[in-house]
file entry-v2.pdb (PDB, C-alpha atoms)
ATOM      1  CA  MET A   1    -143.660   6.950   9.440
ATOM      2  CA  GLU A   2    -140.897   7.338  11.989
ATOM      3  CA  LYS A   3    -141.597   6.291  15.568
ATOM      4  CA  PRO A   4    -141.570   9.166  18.045
ATOM      5  CA  GLU A   5    -138.548   9.225  20.321
ATOM      6  CA  THR A   6    -139.519   7.753  23.670
ATOM      7  CA  THR A   7    -137.932   7.162  27.007
ATOM      8  CA  ALA A   8    -138.466   3.783  28.600
ATOM      9  CA  GLU A   9    -140.512   4.046  31.762
ATOM     10  CA  TRP A  10    -138.741   1.046  33.255
ATOM     11  CA  GLY A  11    -136.354  -1.671  32.279
ATOM     12  CA  ALA A  12    -134.065  -4.371  33.516
ATOM     13  CA  ALA A  13    -130.727  -5.766  32.508
ATOM     14  CA  LEU A  14    -129.062  -8.812  33.941
ATOM     15  CA  VAL A  15    -125.535  -7.579  34.453
ATOM     16  CA  GLY A  16    -124.148 -10.601  36.223
ATOM     17  CA  ASP A  17    -120.522  -9.678  36.699
ATOM     18  CA  PRO A  18    -119.864  -5.997  37.526
ATOM     19  CA  GLY A  19    -116.454  -6.598  35.966
ATOM     20  CA  LEU A  20    -118.165  -5.923  32.638
ATOM     21  CA  CYS A  21    -117.734  -2.251  33.511
ATOM     22  CA  ARG A  22    -113.951  -2.595  33.736
ATOM     23  CA  ALA A  23    -111.361  -2.653  30.998
ATOM     24  CA  ARG A  24    -111.186  -6.130  29.448
ATOM     25  CA  ALA A  25    -110.865  -7.266  25.870
ATOM     26  CA  TYR A  26    -114.294  -8.060  24.449
ATOM     27  CA  ILE A  27    -115.784  -8.889  21.095
ATOM     28  CA  TYR A  28    -119.418  -7.804  21.066
ATOM     29  CA  CYS A  29    -122.442  -8.030  18.833
ATOM     30  CA  GLY A  30    -125.519  -5.848  18.768
ATOM     31  CA  TYR A  31    -128.368  -6.892  16.533
ATOM     32  CA  SER A  32    -131.945  -6.051  15.663
ATOM     33  CA  LEU A  33    -134.318  -8.567  14.127
ATOM     34  CA  GLU A  34    -136.715  -5.687  13.354
ATOM     35  CA  VAL A  35    -134.162  -3.917  11.145
ATOM     36  CA  GLY A  36    -132.295  -7.076  10.103
ATOM     37  CA  VAL A  37    -128.779  -5.984  11.035
ATOM     38  CA  ALA A  38    -125.907  -7.049  13.250
ATOM     39  CA  TYR A  39    -122.949  -4.938  14.327
ATOM     40  CA  ILE A  40    -119.789  -6.656  15.559
ATOM     41  CA  GLY A  41    -116.943  -4.833  17.245
ATOM     42  CA  MET A  42    -114.249  -5.062  19.860
ATOM     43  CA  THR A  43    -113.253  -3.028  22.868
ATOM     44  CA  VAL A  44    -110.832  -2.754  25.710
ATOM     45  CA  ALA A  45    -112.552   0.467  26.833
ATOM     46  CA  GLN A  46    -111.890   1.717  30.331
ATOM     47  CA  ASN A  47    -115.584   1.358  31.210
ATOM     48  CA  GLY A  48    -115.940  -2.084  29.672
ATOM     49  CA  ILE A  49    -118.701  -3.338  27.450
ATOM     50  CA  PHE A  50    -121.339  -1.012  28.886
ATOM     51  CA  GLY A  51    -119.111   2.004  28.411
ATOM     52  CA  ARG A  52    -118.475   1.054  24.800
ATOM     53  CA  TRP A  53    -122.156   0.582  23.993
ATOM     54  CA  GLY A  54    -122.932   3.795  25.859
ATOM     55  CA  ASP A  55    -120.609   5.472  23.367
ATOM     56  CA  HIS A  56    -122.275   3.758  20.401
ATOM     57  CA  LEU A  57    -125.792   4.659  21.481
ATOM     58  CA  GLY A  58    -125.221   8.047  23.094
ATOM     59  CA  ARG A  59    -122.999   9.778  20.584
ATOM     60  CA  ALA A  60    -124.018  11.742  17.520
ATOM     61  CA  LEU A  61    -124.095   9.992  14.152
ATOM     62  CA  GLU A  62    -120.714  11.401  13.135
ATOM     63  CA  ARG A  63    -118.992  10.056  16.254
ATOM     64  CA  SER A  64    -120.660   6.637  16.528
ATOM     65  CA  SER A  65    -119.490   3.923  14.144
ATOM     66  CA  PHE A  66    -122.604   1.868  14.998
ATOM     67  CA  LYS A  67    -125.008   4.712  14.167
ATOM     68  CA  ARG A  68    -123.032   5.631  11.050
ATOM     69  CA  ARG A  69    -123.104   2.060   9.672
ATOM     70  CA  LEU A  70    -126.779   1.753  10.600
ATOM     71  CA  HIS A  71    -127.544   5.010   8.763
ATOM     72  CA  GLU A  72    -125.594   3.812   5.700
ATOM     73  CA  TYR A  73    -127.678   0.630   5.713
ATOM     74  CA  ASP A  74    -131.033   2.407   6.152
ATOM     75  CA  GLU A  75    -131.412   6.105   6.905
ATOM     76  CA  LEU A  76    -134.551   5.412   8.957
ATOM     77  CA  ALA A  77    -133.205   2.385  10.861
ATOM     78  CA  TRP A  78    -132.410   4.264  14.100
ATOM     79  CA  GLY A  79    -136.086   5.132  14.471
ATOM     80  CA  LYS A  80    -137.158   1.535  13.771
ATOM     81  CA  ILE A  81    -135.019  -0.282  16.335
ATOM     82  CA  ASP A  82    -136.916  -1.310  19.430
ATOM     83  CA  ASP A  83    -135.392  -4.753  19.901
ATOM     84  CA  LEU A  84    -131.626  -4.182  20.160
ATOM     85  CA  VAL A  85    -129.868  -7.183  21.710
ATOM     86  CA  ILE A  86    -126.266  -6.805  22.831
ATOM     87  CA  PHE A  87    -124.044  -9.677  23.848
ATOM     88  CA  TRP A  88    -120.321 -10.209  24.138
ATOM     89  CA  ALA A  89    -117.513 -12.636  24.727
ATOM     90  CA  ASP A  90    -114.238 -12.075  26.540
ATOM     91  CA  MET A  91    -111.231 -12.478  24.233
ATOM     92  CA  GLY A  92    -109.051 -13.617  27.100
ATOM     93  CA  SER A  93    -106.532 -12.017  29.394
ATOM     94  CA  ARG A  94    -103.477 -12.333  27.182
ATOM     95  CA  GLY A  95    -101.484  -9.093  27.351
ATOM     96  CA  ASP A  96    -101.575  -8.655  23.566
ATOM     97  CA  PHE A  97    -105.337  -8.074  23.823
ATOM     98  CA  LEU A  98    -105.170  -5.634  26.735
ATOM     99  CA  THR A  99    -102.965  -2.908  25.287
ATOM    100  CA  VAL A 100    -103.727   0.345  23.499
ATOM    101  CA  GLU A 101    -102.415  -1.345  20.338
ATOM    102  CA  THR A 102    -105.428  -2.733  18.449
ATOM    103  CA  THR A 103    -103.807  -5.139  15.959
ATOM    104  CA  HIS A 104    -104.507  -8.384  17.843
ATOM    105  CA  ARG A 105    -108.038  -7.445  18.911
ATOM    106  CA  GLU A 106    -108.863  -6.347  15.359
ATOM    107  CA  ALA A 107    -107.532  -9.659  14.036
ATOM    108  CA  VAL A 108    -109.918 -11.550  16.336
ATOM    109  CA  GLU A 109    -112.733  -9.199  15.348
ATOM    110  CA  TYR A 110    -111.993  -9.805  11.653
ATOM    111  CA  LEU A 111    -112.104 -13.594  12.010
ATOM    112  CA  VAL A 112    -115.315 -13.456  14.078
ATOM    113  CA  GLN A 113    -116.964 -11.026  11.686
ATOM    114  CA  ARG A 114    -116.010 -13.121   8.648
ATOM    115  CA  GLU A 115    -117.622 -16.227  10.178
ATOM    116  CA  LEU A 116    -120.731 -14.416  11.414
ATOM    117  CA  ARG A 117    -121.374 -12.860   7.998
ATOM    118  CA  LEU A 118    -121.876 -16.398   6.672
ATOM    119  CA  LEU A 119    -123.857 -17.644   9.679
ATOM    120  CA  LEU A 120    -126.198 -14.646   9.894
ATOM    121  CA  ALA A 121    -126.842 -14.479   6.154
ATOM    122  CA  ARG A 122    -128.363 -17.988   6.447
ATOM    123  CA  SER A 123    -130.282 -17.335   9.675
ATOM    124  CA  LYS A 124    -134.043 -16.962   9.895
ATOM    125  CA  PRO A 125    -134.559 -14.060   9.532
ATOM    126  CA  PRO A 126    -131.258 -13.243   7.849
ATOM    127  CA  LEU A 127    -129.178 -10.455   9.365
ATOM    128  CA  ALA A 128    -126.816  -8.211   7.425
ATOM    129  CA  VAL A 129    -123.525  -7.535   9.191
ATOM    130  CA  ILE A 130    -123.079  -3.762   8.894
ATOM    131  CA  SER A 131    -119.757  -3.411  10.714
ATOM    132  CA  LYS A 132    -116.453  -3.310   8.924
ATOM    133  CA  VAL A 133    -112.943  -4.343   9.892
ATOM    134  CA  ARG A 134    -109.831  -5.075   7.863
ATOM    135  CA  SER A 135    -107.672  -8.144   8.046
ATOM    136  CA  ASN A 136    -104.125  -7.746   9.248
ATOM    137  CA  ARG A 137    -101.021  -9.872   9.671
ATOM    138  CA  ALA A 138    -102.075 -11.011  13.167
ATOM    139  CA  VAL A 139    -104.939 -13.198  11.800
ATOM    140  CA  LYS A 140    -102.320 -15.912  11.187
ATOM    141  CA  LEU A 141    -101.193 -16.078  14.845
ATOM    142  CA  SER A 142    -102.340 -19.203  16.658
ATOM    143  CA  PHE A 143    -103.444 -17.373  19.833
ATOM    144  CA  VAL A 144    -105.560 -14.984  17.728
ATOM    145  CA  GLN A 145    -107.157 -17.892  15.862
ATOM    146  CA  GLU A 146    -107.810 -19.752  19.151
ATOM    147  CA  SER A 147    -109.451 -16.686  20.698
ATOM    148  CA  ALA A 148    -111.570 -16.132  17.580
ATOM    149  CA  SER A 149    -112.655 -19.791  17.594
ATOM    150  CA  ARG A 150    -113.789 -19.531  21.240
ATOM    151  CA  VAL A 151    -115.702 -16.314  20.534
ATOM    152  CA  ILE A 152    -117.321 -17.765  17.400
ATOM    153  CA  GLU A 153    -118.396 -20.831  19.366
ATOM    154  CA  LEU A 154    -120.038 -18.633  22.027
ATOM    155  CA  PHE A 155    -121.732 -16.455  19.417
ATOM    156  CA  GLU A 156    -123.024 -19.538  17.604
ATOM    157  CA  LEU A 157    -124.461 -20.751  20.925
ATOM    158  CA  HIS A 158    -126.201 -17.415  21.410
ATOM    159  CA  PHE A 159    -127.684 -17.358  17.938
ATOM    160  CA  GLY A 160    -128.620 -21.025  18.217
ATOM    161  CA  SER A 161    -130.640 -20.311  21.371
ATOM    162  CA  SER A 162    -132.053 -16.910  20.360
ATOM    163  CA  PRO A 163    -135.590 -16.322  19.027
ATOM    164  CA  MET A 164    -134.258 -16.313  15.471
ATOM    165  CA  SER A 165    -133.377 -20.009  15.336
TER     166      SER A 165
END
call {"tool": "encode", "arguments": {"input": "entry-v2.pdb", "output": "structure tokens"}}
result
Amino acid sequence: MEKPETTAEWGAALVGDPGLCRARAYIYCGYSLEVGVAYIGMTVAQNGIFGRWGDHLGRALERSSFKRRLHEYDELAWGKIDDLVIFWADMGSRGDFLTVETTHREAVEYLVQRELRLLLARSKPPLAVISKVRSNRAVKLSFVQESASRVIELFELHFGSSPMS
């Protein structure tokens, strides 16, 4: 039975730095323990991390990669999620990450996603990574590998301190 669509009567989000609503290079993860999935992506969107997730959550299935991957995983998953957690890490301010060109950001995303697939498959409960990204030639660059290592370390800290550990 699908849950009826509801509107939250109240809520709170600790934003911290309002800079999160400005264009920066971020790797992000949204996950649901209820559904058992994690979605990893990257952005340098003009409206920052909140703008990007607004796109993911507010767009129709055909225009939202998050909703599309979620639907491919489980057609009823959208109606089951009531525990979506979103967190992110800044890739750094290197110019290669802050351009319209996506190669370097996608390389970091690929390395992070590859590592998290292993980590989350062994977590309790296990989470399936439903996002997809291809490797590219930039994965071999030292600054890409260093950025990915920093992001992975932060994500491991999050998952190590989350309710799933």
call {"tool": "resolve_selection", "arguments": {"input": "entry-v2.pdb", "expression": "the PyMOL selection byres ((chain A and resi 123) around 12)", "output": "list in words"}}
result
Leu33, Gly36, Val37, Ala38, Leu116, Arg117, Leu118, Leu119, Leu120, Ala121, Arg122, Lys124, Pro125, Pro126, Leu127, Ala128, Val129, Glu156, Phe159, Gly160, Ser162, Pro163, Met164 and Ser165 of chain A
call {"tool": "residues_around", "arguments": {"input": "entry-v2.pdb", "residues": "range 137-153 of chain A", "least_positions_apart": "4", "cutoff": "7 Å", "atoms": "only C-alpha atoms", "output": "PDB file with C-alpha atoms, in the frame of the given file"}}
result
ATOM      1  CA  ALA A  89    -117.513 -12.636  24.727  1.00  0.00           C
ATOM      2  CA  MET A  91    -111.231 -12.478  24.233  1.00  0.00           C
ATOM      3  CA  THR A 103    -103.807  -5.139  15.959  1.00  0.00           C
ATOM      4  CA  HIS A 104    -104.507  -8.384  17.843  1.00  0.00           C
ATOM      5  CA  ALA A 107    -107.532  -9.659  14.036  1.00  0.00           C
ATOM      6  CA  VAL A 108    -109.918 -11.550  16.336  1.00  0.00           C
ATOM      7  CA  LEU A 111    -112.104 -13.594  12.010  1.00  0.00           C
ATOM      8  CA  VAL A 112    -115.315 -13.456  14.078  1.00  0.00           C
ATOM      9  CA  LEU A 157    -124.461 -20.751  20.925  1.00  0.00           C
TER      10      LEU A 157
END
call {"tool": "resolve_selection", "arguments": {"input": "entry-v2.pdb", "expression": "the PyMOL selection byres ((chain A and resi 25) around 9)", "output": "list of chain:residue names"}}
result
A:Ala23, A:Arg24, A:Tyr26, A:Ile27, A:Met42, A:Thr43, A:Val44, A:Ala45, A:Gly48, A:Ile49, A:Ala89, A:Asp90, A:Met91, A:Gly92, A:Ser93, A:Phe97, A:Leu98, A:Arg105
call {"tool": "resolve_selection", "arguments": {"input": "entry-v2.pdb", "expression": "the PyMOL selection byres ((chain A and resi 134) around 10)", "output": "JSON, numbers by chain"}}
result
{"A": [106, 107, 109, 110, 111, 132, 133, 135, 136]}
call {"tool": "closest_residue", "arguments": {"input": "entry-v2.pdb", "among": "A:Cys29, A:Phe66, A:Thr99, A:Gln46", "to": "Trp78 in chain A", "atoms": "all atoms listed in the file"}}
result
A:Phe66
call {"tool": "residues_around", "arguments": {"input": "entry-v2.pdb", "residues": "Ile81 in chain A", "least_positions_apart": "4", "cutoff": "8 Å", "atoms": "all atoms listed in the file", "output": "PyMOL selection string"}}
result
chain A and resi 32+34-35+77
